[in-house]
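S.K.: Below is a structure I'd like to ask you about.
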Amino acid sequence: MRTIIVGGGIAGSSVAYHLAAQGENVTVIDANHEGRATDAGAGIICPWITKRNKNTMAYQLSTYGARYYKRLQQSLEATGFSDTSYRQVGSLGVFTEEQAVDDA
Ligand SMILES: Cc1cc2nc3c(=O)[nH]c(=O)nc-3n(C[C@H](O)[C@H](O)[C@H](O)COP(=O)(O)OP(=O)(O)OC[C@H]3O[C@@H](n4cnc5c(N)ncnc54)[C@H](O)[C@@H]3O)c2cc1C
């Protein structure tokens with residue numbers, strides 16, 4: 001099967017990578033728009049200290065995604081991308097109200 005993905009930001013690139021890893025023939029088309037979100041992103045992968053409602057599917061999806069990063073890095077390294085700059089360095093939440101600590 002041949003797949004064409006429109007958009008080469010993190011979402012499109014991730015889908016392309018995983019399909020290609022399964023042996024699919026993938027082409028990514030990107031308009032190189034200025035200001036795309038992937039270029040602006042700070043690279044922080046830490047959904048756990050978000051204020052989002054933790055019972056939502058969106059929260060579950062983002063925490064699954066964050067947990068998946070270690071496996072993704074190993075997979076990338078196995079295919080020759082040795083420096084992804086990904087590091088697990090922990091996080092520090094700073095709060096000024098006690099309630100915010102309970103909510104975190
Ligand atoms: C300032 C900022 C900081 C952020 N910090 C973080 C962070 O620390 N951690 C985190 O997890 N997330 C962060 N985010 C969110 C994250 O960056 C985005 O959720 C993510 O990059 C979205 O990726 P995307 O591939 O969906 O979109 P994009 O990166 O915007 O990619 C879309 C691509 O599609 C292309 N395109 C669009 N239309 C067409 C078309 N018609 N034809 C061809 N190509 C097209 C564009 O050129 C672009 O390359 C941040 C976002 C911003 C703005």
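Residues are referred to by chain and number: the chain letter is A, B, ... according to the order shown in the structure tokens, the number counts from 1 in that chain, and ligands are numbered separately from 1 in the order shown.
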List as a ChimeraX atom specification the protein and nucleic acid residues near Gly8 in chain A, meaning an atom at most 6 Å away when only C-alpha atoms are counted, but skip any in the same chain fewer than 3 places from it.

M.R.: /A:12-13,30

S.K.: Identify, on the basis of only C-alpha atoms, every residue whose closest approach to range 64-78 of chain A does not exceed 12 Å; exclude the query and any residue fewer than 3 positions from it along the same chain; express the result as a ChimeraX atom specification.

M.R.: /A:11,14,17-18,21,43-48,57-61,81-88

S.K.: I need the residues of range 1-100 of chain A that end up classed as helix (DSSP H, G or I) by DSSP on the backbone, written out as a CSV table (one decimal) with all heavy atoms, in the first residue's frame.

M.R.:
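Output file result.csv is given in full below:
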```
chain,number,residue,atom,x,y,z
A,10,ILE,N,5.2,17.3,13.7
A,10,ILE,CA,5.4,16.1,14.6
A,10,ILE,C,4.3,15.1,14.3
A,10,ILE,O,4.6,13.9,14.3
A,10,ILE,CB,5.5,16.5,16.1
A,10,ILE,CG1,6.0,15.4,16.9
A,10,ILE,CG2,4.2,17.1,16.6
A,10,ILE,CD1,7.4,14.9,16.7
A,11,ALA,N,3.1,15.5,14.1
A,11,ALA,CA,2.0,14.5,13.9
A,11,ALA,C,2.2,13.7,12.6
A,11,ALA,O,2.2,12.5,12.6
A,11,ALA,CB,0.7,15.2,14.0
A,12,GLY,N,2.4,14.4,11.5
A,12,GLY,CA,2.5,13.7,10.2
A,12,GLY,C,3.8,12.9,10.2
A,12,GLY,O,3.8,11.8,9.7
A,13,SER,N,4.9,13.5,10.7
A,13,SER,CA,6.2,12.8,10.7
A,13,SER,C,6.1,11.5,11.5
A,13,SER,O,6.7,10.5,11.2
A,13,SER,CB,7.3,13.7,11.3
A,13,SER,OG,7.4,14.8,10.5
A,14,SER,N,5.4,11.6,12.7
A,14,SER,CA,5.3,10.4,13.5
A,14,SER,C,4.5,9.3,12.8
A,14,SER,O,4.9,8.1,12.8
A,14,SER,CB,4.6,10.8,14.8
A,14,SER,OG,4.4,9.7,15.6
A,15,VAL,N,3.4,9.7,12.2
A,15,VAL,CA,2.6,8.7,11.5
A,15,VAL,C,3.4,8.1,10.3
A,15,VAL,O,3.5,6.9,10.2
A,15,VAL,CB,1.3,9.3,10.9
A,15,VAL,CG1,0.6,8.3,10.0
A,15,VAL,CG2,0.4,9.7,12.0
A,16,ALA,N,4.2,8.9,9.6
A,16,ALA,CA,5.0,8.5,8.5
A,16,ALA,C,6.1,7.5,9.0
A,16,ALA,O,6.3,6.4,8.4
A,16,ALA,CB,5.7,9.6,7.8
A,17,TYR,N,6.7,7.8,10.1
A,17,TYR,CA,7.8,7.0,10.7
A,17,TYR,C,7.2,5.6,11.0
A,17,TYR,O,7.8,4.6,10.7
A,17,TYR,CB,8.4,7.7,11.9
A,17,TYR,CG,9.4,6.8,12.6
A,17,TYR,CD1,10.6,6.6,12.1
A,17,TYR,CD2,9.0,6.1,13.8
A,17,TYR,CE1,11.5,5.7,12.8
A,17,TYR,CE2,9.9,5.3,14.5
A,17,TYR,CZ,11.1,5.1,14.0
A,17,TYR,OH,12.0,4.3,14.6
A,18,HIS,N,6.1,5.6,11.7
A,18,HIS,CA,5.6,4.3,12.2
A,18,HIS,C,5.1,3.5,11.0
A,18,HIS,O,5.2,2.2,11.1
A,18,HIS,CB,4.5,4.6,13.3
A,18,HIS,CG,5.1,5.0,14.6
A,18,HIS,ND1,5.3,6.3,14.9
A,18,HIS,CD2,5.6,4.3,15.6
A,18,HIS,CE1,5.9,6.4,16.1
A,18,HIS,NE2,6.0,5.2,16.5
A,19,LEU,N,4.5,4.1,10.0
A,19,LEU,CA,4.0,3.3,8.9
A,19,LEU,C,5.2,2.8,8.1
A,19,LEU,O,5.3,1.6,7.7
A,19,LEU,CB,3.2,4.2,7.9
A,19,LEU,CG,1.8,4.5,8.4
A,19,LEU,CD1,1.1,5.5,7.4
A,19,LEU,CD2,0.9,3.2,8.5
A,20,ALA,N,6.3,3.6,7.9
A,20,ALA,CA,7.5,3.2,7.2
A,20,ALA,C,8.1,2.0,8.0
A,20,ALA,O,8.6,1.1,7.3
A,20,ALA,CB,8.4,4.3,7.0
A,21,ALA,N,8.1,2.1,9.3
A,21,ALA,CA,8.8,1.1,10.1
A,21,ALA,C,8.0,-0.3,9.9
A,21,ALA,O,8.6,-1.3,10.1
A,21,ALA,CB,8.7,1.5,11.6
A,37,ALA,N,3.6,24.7,14.3
A,37,ALA,CA,3.6,24.5,15.8
A,37,ALA,C,4.9,23.7,16.2
A,37,ALA,O,5.5,23.9,17.2
A,37,ALA,CB,2.4,23.7,16.2
A,38,THR,N,5.3,22.7,15.4
A,38,THR,CA,6.4,21.9,15.8
A,38,THR,C,7.7,22.7,15.9
A,38,THR,O,8.5,22.4,16.8
A,38,THR,CB,6.6,20.7,14.7
A,38,THR,OG1,5.4,19.9,14.7
A,38,THR,CG2,7.8,19.8,15.1
A,39,ASP,N,7.9,23.7,15.1
A,39,ASP,CA,9.0,24.5,15.3
A,39,ASP,C,9.0,25.4,16.5
A,39,ASP,O,10.0,25.8,17.1
A,39,ASP,CB,9.2,25.4,14.0
A,39,ASP,CG,9.5,24.6,12.8
A,39,ASP,OD1,10.0,23.5,12.9
A,39,ASP,OD2,9.3,25.1,11.7
A,40,ALA,N,7.8,25.7,16.9
A,40,ALA,CA,7.6,26.6,18.1
A,40,ALA,C,7.6,25.9,19.4
A,40,ALA,O,7.9,26.4,20.4
A,40,ALA,CB,6.3,27.4,18.0
A,47,PRO,N,2.8,15.6,30.7
A,47,PRO,CA,1.4,15.9,30.9
A,47,PRO,C,1.0,15.7,32.3
A,47,PRO,O,-0.1,16.2,32.7
A,47,PRO,CB,0.7,14.8,30.0
A,47,PRO,CG,1.7,13.7,29.9
A,47,PRO,CD,3.1,14.3,30.0
A,48,TRP,N,1.8,15.1,33.1
A,48,TRP,CA,1.3,14.8,34.5
A,48,TRP,C,1.1,16.0,35.4
A,48,TRP,O,0.3,15.9,36.3
A,48,TRP,CB,2.4,13.8,35.1
A,48,TRP,CG,2.4,12.5,34.4
A,48,TRP,CD1,1.5,11.5,34.6
A,48,TRP,CD2,3.4,12.1,33.4
A,48,TRP,NE1,1.9,10.5,33.7
A,48,TRP,CE2,3.0,10.8,33.0
A,48,TRP,CE3,4.5,12.7,32.9
A,48,TRP,CZ2,3.7,10.1,32.0
A,48,TRP,CZ3,5.2,12.1,31.9
A,48,TRP,CH2,4.8,10.8,31.5
A,49,ILE,N,1.7,17.1,35.1
A,49,ILE,CA,1.5,18.2,36.0
A,49,ILE,C,0.5,19.2,35.4
A,49,ILE,O,0.4,20.3,35.8
A,49,ILE,CB,2.8,18.9,36.5
A,49,ILE,CG1,3.6,19.5,35.3
A,49,ILE,CG2,3.7,18.0,37.3
A,49,ILE,CD1,4.7,20.5,35.7
A,57,MET,N,-10.2,11.4,28.0
A,57,MET,CA,-9.5,10.6,27.0
A,57,MET,C,-8.3,11.3,26.5
A,57,MET,O,-7.2,10.7,26.2
A,57,MET,CB,-10.4,10.2,25.9
A,57,MET,CG,-11.4,9.1,26.3
A,57,MET,SD,-12.5,8.7,24.9
A,57,MET,CE,-11.5,7.8,23.9
A,58,ALA,N,-8.4,12.7,26.4
A,58,ALA,CA,-7.2,13.5,25.9
A,58,ALA,C,-6.1,13.3,26.9
A,58,ALA,O,-4.9,13.2,26.5
A,58,ALA,CB,-7.7,14.9,25.7
A,59,TYR,N,-6.4,13.4,28.2
A,59,TYR,CA,-5.3,13.2,29.2
A,59,TYR,C,-4.7,11.9,29.1
A,59,TYR,O,-3.5,11.7,29.1
A,59,TYR,CB,-5.8,13.5,30.6
A,59,TYR,CG,-4.8,13.4,31.6
A,59,TYR,CD1,-3.8,14.3,31.8
A,59,TYR,CD2,-4.8,12.2,32.4
A,59,TYR,CE1,-2.8,14.1,32.8
A,59,TYR,CE2,-3.8,12.0,33.4
A,59,TYR,CZ,-2.8,13.0,33.5
A,59,TYR,OH,-1.8,12.8,34.5
A,60,GLN,N,-5.5,10.8,29.0
A,60,GLN,CA,-5.0,9.5,28.9
A,60,GLN,C,-4.1,9.3,27.7
A,60,GLN,O,-3.1,8.6,27.7
A,60,GLN,CB,-6.2,8.5,28.9
A,60,GLN,CG,-6.8,8.4,30.3
A,60,GLN,CD,-8.1,7.7,30.3
A,60,GLN,OE1,-8.4,6.9,29.3
A,60,GLN,NE2,-8.9,7.9,31.3
A,61,LEU,N,-4.6,9.9,26.6
A,61,LEU,CA,-3.8,9.8,25.3
A,61,LEU,C,-2.4,10.5,25.5
A,61,LEU,O,-1.4,9.9,25.1
A,61,LEU,CB,-4.6,10.4,24.2
A,61,LEU,CG,-3.9,10.4,22.8
A,61,LEU,CD1,-3.7,9.0,22.3
A,61,LEU,CD2,-4.7,11.2,21.8
A,62,SER,N,-2.4,11.7,26.1
A,62,SER,CA,-1.2,12.4,26.2
A,62,SER,C,-0.2,11.7,27.2
A,62,SER,O,1.0,11.7,27.0
A,62,SER,CB,-1.4,13.8,26.6
A,62,SER,OG,-2.0,13.9,27.9
A,63,THR,N,-0.8,11.1,28.2
A,63,THR,CA,0.1,10.3,29.2
A,63,THR,C,0.7,9.1,28.5
A,63,THR,O,1.8,8.7,28.7
A,63,THR,CB,-0.5,10.0,30.5
A,63,THR,OG1,-1.7,9.3,30.2
A,63,THR,CG2,-0.9,11.2,31.3
A,64,TYR,N,-0.2,8.4,27.7
A,64,TYR,CA,0.3,7.2,27.0
A,64,TYR,C,1.5,7.7,26.0
A,64,TYR,O,2.5,7.0,25.9
A,64,TYR,CB,-0.8,6.6,26.2
A,64,TYR,CG,-0.3,5.4,25.4
A,64,TYR,CD1,-0.1,4.1,25.9
A,64,TYR,CD2,0.0,5.6,24.0
A,64,TYR,CE1,0.4,3.1,25.2
A,64,TYR,CE2,0.5,4.5,23.3
A,64,TYR,CZ,0.7,3.3,23.9
A,64,TYR,OH,1.2,2.3,23.1
A,65,GLY,N,1.2,8.8,25.3
A,65,GLY,CA,2.2,9.3,24.4
A,65,GLY,C,3.5,9.6,25.1
A,65,GLY,O,4.6,9.3,24.6
A,66,ALA,N,3.4,10.2,26.3
A,66,ALA,CA,4.7,10.6,27.0
A,66,ALA,C,5.4,9.3,27.5
A,66,ALA,O,6.6,9.2,27.4
A,66,ALA,CB,4.3,11.4,28.2
A,67,ARG,N,4.6,8.3,27.9
A,67,ARG,CA,5.3,7.0,28.4
A,67,ARG,C,5.9,6.3,27.2
A,67,ARG,O,6.9,5.6,27.4
A,67,ARG,CB,4.2,6.1,29.0
A,67,ARG,CG,3.9,6.5,30.4
A,67,ARG,CD,3.2,5.4,31.1
A,67,ARG,NE,2.6,6.0,32.3
A,67,ARG,CZ,1.3,6.3,32.4
A,67,ARG,NH1,0.5,6.1,31.4
A,67,ARG,NH2,0.8,6.9,33.5
A,68,TYR,N,5.4,6.5,26.0
A,68,TYR,CA,5.9,5.8,24.8
A,68,TYR,C,7.3,6.4,24.3
A,68,TYR,O,8.0,5.7,23.6
A,68,TYR,CB,4.8,6.0,23.7
A,68,TYR,CG,5.3,5.4,22.4
A,68,TYR,CD1,5.4,4.0,22.2
A,68,TYR,CD2,5.5,6.2,21.3
A,68,TYR,CE1,5.8,3.5,21.0
A,68,TYR,CE2,5.9,5.7,20.0
A,68,TYR,CZ,6.0,4.4,19.9
A,68,TYR,OH,6.4,3.9,18.7
A,69,TYR,N,7.6,7.6,24.8
A,69,TYR,CA,8.8,8.2,24.3
A,69,TYR,C,10.1,7.4,24.4
A,69,TYR,O,11.0,7.4,23.5
A,69,TYR,CB,9.0,9.6,24.9
A,69,TYR,CG,8.7,10.7,23.9
A,69,TYR,CD1,7.3,11.0,23.7
A,69,TYR,CD2,9.6,11.3,23.1
A,69,TYR,CE1,6.9,12.0,22.8
A,69,TYR,CE2,9.2,12.3,22.2
A,69,TYR,CZ,7.9,12.6,22.1
A,69,TYR,OH,7.5,13.6,21.2
A,70,LYS,N,10.2,6.7,25.5
A,70,LYS,CA,11.4,5.9,25.7
A,70,LYS,C,11.6,4.8,24.6
A,70,LYS,O,12.6,4.6,24.1
A,70,LYS,CB,11.4,5.3,27.1
A,70,LYS,CG,12.8,4.9,27.6
A,70,LYS,CD,12.8,4.6,29.1
A,70,LYS,CE,14.3,4.4,29.5
A,70,LYS,NZ,14.4,4.3,30.9
A,71,ARG,N,10.4,4.1,24.4
A,71,ARG,CA,10.4,3.1,23.3
A,71,ARG,C,10.7,3.7,22.0
A,71,ARG,O,11.4,3.1,21.1
A,71,ARG,CB,9.1,2.3,23.3
A,71,ARG,CG,9.0,1.1,24.2
A,71,ARG,CD,8.0,0.2,23.9
A,71,ARG,NE,6.6,0.7,24.1
A,71,ARG,CZ,5.6,0.5,23.3
A,71,ARG,NH1,5.6,-0.3,22.3
A,71,ARG,NH2,4.4,1.0,23.6
A,72,LEU,N,10.1,4.9,21.7
A,72,LEU,CA,10.3,5.5,20.5
A,72,LEU,C,11.8,5.9,20.3
A,72,LEU,O,12.4,5.6,19.2
A,72,LEU,CB,9.5,6.8,20.4
A,72,LEU,CG,9.8,7.7,19.2
A,72,LEU,CD1,9.4,7.0,17.9
A,72,LEU,CD2,9.0,9.0,19.3
A,73,GLN,N,12.5,6.4,21.3
A,73,GLN,CA,13.9,6.7,21.2
A,73,GLN,C,14.7,5.5,20.9
A,73,GLN,O,15.6,5.5,20.1
A,73,GLN,CB,14.4,7.3,22.5
A,73,GLN,CG,15.8,7.9,22.4
A,73,GLN,CD,16.3,8.5,23.6
A,73,GLN,OE1,15.9,8.1,24.7
A,73,GLN,NE2,17.3,9.3,23.5
A,74,GLN,N,14.4,4.3,21.6
A,74,GLN,CA,15.1,3.1,21.3
A,74,GLN,C,14.9,2.7,19.9
A,74,GLN,O,15.9,2.2,19.2
A,74,GLN,CB,14.6,2.0,22.3
A,74,GLN,CG,15.1,2.2,23.7
A,74,GLN,CD,14.3,1.4,24.7
A,74,GLN,OE1,13.3,0.7,24.4
A,74,GLN,NE2,14.8,1.3,26.0
A,75,SER,N,13.7,2.8,19.4
A,75,SER,CA,13.4,2.4,18.0
A,75,SER,C,14.2,3.3,17.0
A,75,SER,O,14.8,2.8,16.0
A,75,SER,CB,11.9,2.6,17.8
A,75,SER,OG,11.6,2.5,16.4
A,76,LEU,N,14.2,4.6,17.3
A,76,LEU,CA,15.0,5.5,16.5
A,76,LEU,C,16.5,5.2,16.5
A,76,LEU,O,17.2,5.2,15.5
A,76,LEU,CB,14.8,7.0,16.9
A,76,LEU,CG,13.4,7.6,16.6
A,76,LEU,CD1,13.1,8.8,17.4
A,76,LEU,CD2,13.3,7.8,15.1
A,77,GLU,N,17.0,4.9,17.7
A,77,GLU,CA,18.4,4.6,17.8
A,77,GLU,C,18.8,3.3,17.0
A,77,GLU,O,19.8,3.2,16.4
A,77,GLU,CB,18.8,4.4,19.3
A,77,GLU,CG,19.0,5.8,20.0
A,77,GLU,CD,19.2,5.7,21.5
A,77,GLU,OE1,19.3,4.5,22.0
A,77,GLU,OE2,19.4,6.7,22.1
A,78,ALA,N,17.8,2.4,17.1
A,78,ALA,CA,18.1,1.1,16.3
A,78,ALA,C,18.1,1.3,14.8
A,78,ALA,O,18.7,0.5,14.1
A,78,ALA,CB,17.0,0.1,16.7
A,98,GLU,N,-1.8,26.3,48.1
A,98,GLU,CA,-1.7,24.9,48.5
A,98,GLU,C,-2.7,24.0,47.7
A,98,GLU,O,-2.4,22.9,47.3
A,98,GLU,CB,-2.1,24.8,50.0
A,98,GLU,CG,-1.3,23.7,50.7
A,98,GLU,CD,-1.5,23.8,52.2
A,98,GLU,OE1,-1.0,24.8,52.8
A,98,GLU,OE2,-2.1,23.0,52.8
A,99,GLN,N,-3.9,24.6,47.3
A,99,GLN,CA,-4.9,23.8,46.6
A,99,GLN,C,-4.3,23.4,45.2
A,99,GLN,O,-4.6,22.3,44.7
A,99,GLN,CB,-6.1,24.7,46.3
A,99,GLN,CG,-7.2,24.0,45.6
A,99,GLN,CD,-7.8,22.8,46.4
A,99,GLN,OE1,-7.9,22.8,47.6
A,99,GLN,NE2,-8.0,21.6,45.7
A,100,ALA,N,-3.4,24.2,44.6
A,100,ALA,CA,-2.9,23.9,43.3
A,100,ALA,C,-2.0,22.6,43.4
A,100,ALA,O,-1.9,21.8,42.5
A,100,ALA,CB,-2.1,25.1,42.8
```

S.K.: Apply DSSP to the structure's backbone, then extract all residues of range 4-71 of chain A labelled strand (DSSP E or B) and return them as a PyMOL selection string.

M.R.: chain A and resi 4-6+25-29

S.K.: Atoms to include: N, CA, C and O atoms. Write the selected residues as an mmCIF file, in the first residue's frame.

M.R.:
```cif
data_model
loop_
_atom_site.group_PDB
_atom_site.id
_atom_site.type_symbol
_atom_site.label_atom_id
_atom_site.label_comp_id
_atom_site.auth_asym_id
_atom_site.auth_seq_id
_atom_site.Cartn_x
_atom_site.Cartn_y
_atom_site.Cartn_z
ATOM 1 N N ILE A 4 0.129 8.653 1.335
ATOM 2 C CA ILE A 4 0.607 10.035 1.220
ATOM 3 C C ILE A 4 0.114 10.800 2.438
ATOM 4 O O ILE A 4 -1.082 10.786 2.746
ATOM 5 N N ILE A 5 1.037 11.419 3.147
ATOM 6 C CA ILE A 5 0.687 12.186 4.347
ATOM 7 C C ILE A 5 0.902 13.665 4.050
ATOM 8 O O ILE A 5 1.984 14.068 3.613
ATOM 9 N N VAL A 6 -0.133 14.443 4.286
ATOM 10 C CA VAL A 6 -0.033 15.887 4.053
ATOM 11 C C VAL A 6 0.251 16.558 5.393
ATOM 12 O O VAL A 6 -0.575 16.514 6.301
ATOM 13 N N ASN A 25 5.042 2.045 2.086
ATOM 14 C CA ASN A 25 5.648 3.032 1.196
ATOM 15 C C ASN A 25 4.982 4.380 1.499
ATOM 16 O O ASN A 25 3.809 4.564 1.201
ATOM 17 N N VAL A 26 5.729 5.300 2.107
ATOM 18 C CA VAL A 26 5.130 6.545 2.599
ATOM 19 C C VAL A 26 5.777 7.768 1.945
ATOM 20 O O VAL A 26 6.998 7.844 1.834
ATOM 21 N N THR A 27 4.947 8.703 1.546
ATOM 22 C CA THR A 27 5.435 9.985 1.034
ATOM 23 C C THR A 27 4.836 11.088 1.903
ATOM 24 O O THR A 27 3.638 11.085 2.167
ATOM 25 N N VAL A 28 5.683 12.008 2.352
ATOM 26 C CA VAL A 28 5.206 13.148 3.152
ATOM 27 C C VAL A 28 5.274 14.403 2.282
ATOM 28 O O VAL A 28 6.301 14.683 1.668
ATOM 29 N N ILE A 29 4.167 15.126 2.237
ATOM 30 C CA ILE A 29 4.124 16.390 1.495
ATOM 31 C C ILE A 29 3.940 17.514 2.505
ATOM 32 O O ILE A 29 3.023 17.464 3.332
#
```

S.K.: Find, counting only C-alpha atoms, the residue in A:Arg2, A:Lys51, A:Gly41, A:Gly7 that gets nearest to Gly93 in chain A.

M.R.: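 Closest to Gly93 in chain A of all the choices is A:Lys51.
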
S.K.: Here is a test: counting only C-alpha atoms and all ligand atoms, which residue of A:Glu34, A:Gly9, A:Gln22, A:Asp103 is nearest to ligand 1?

M.R.: A:Gly9
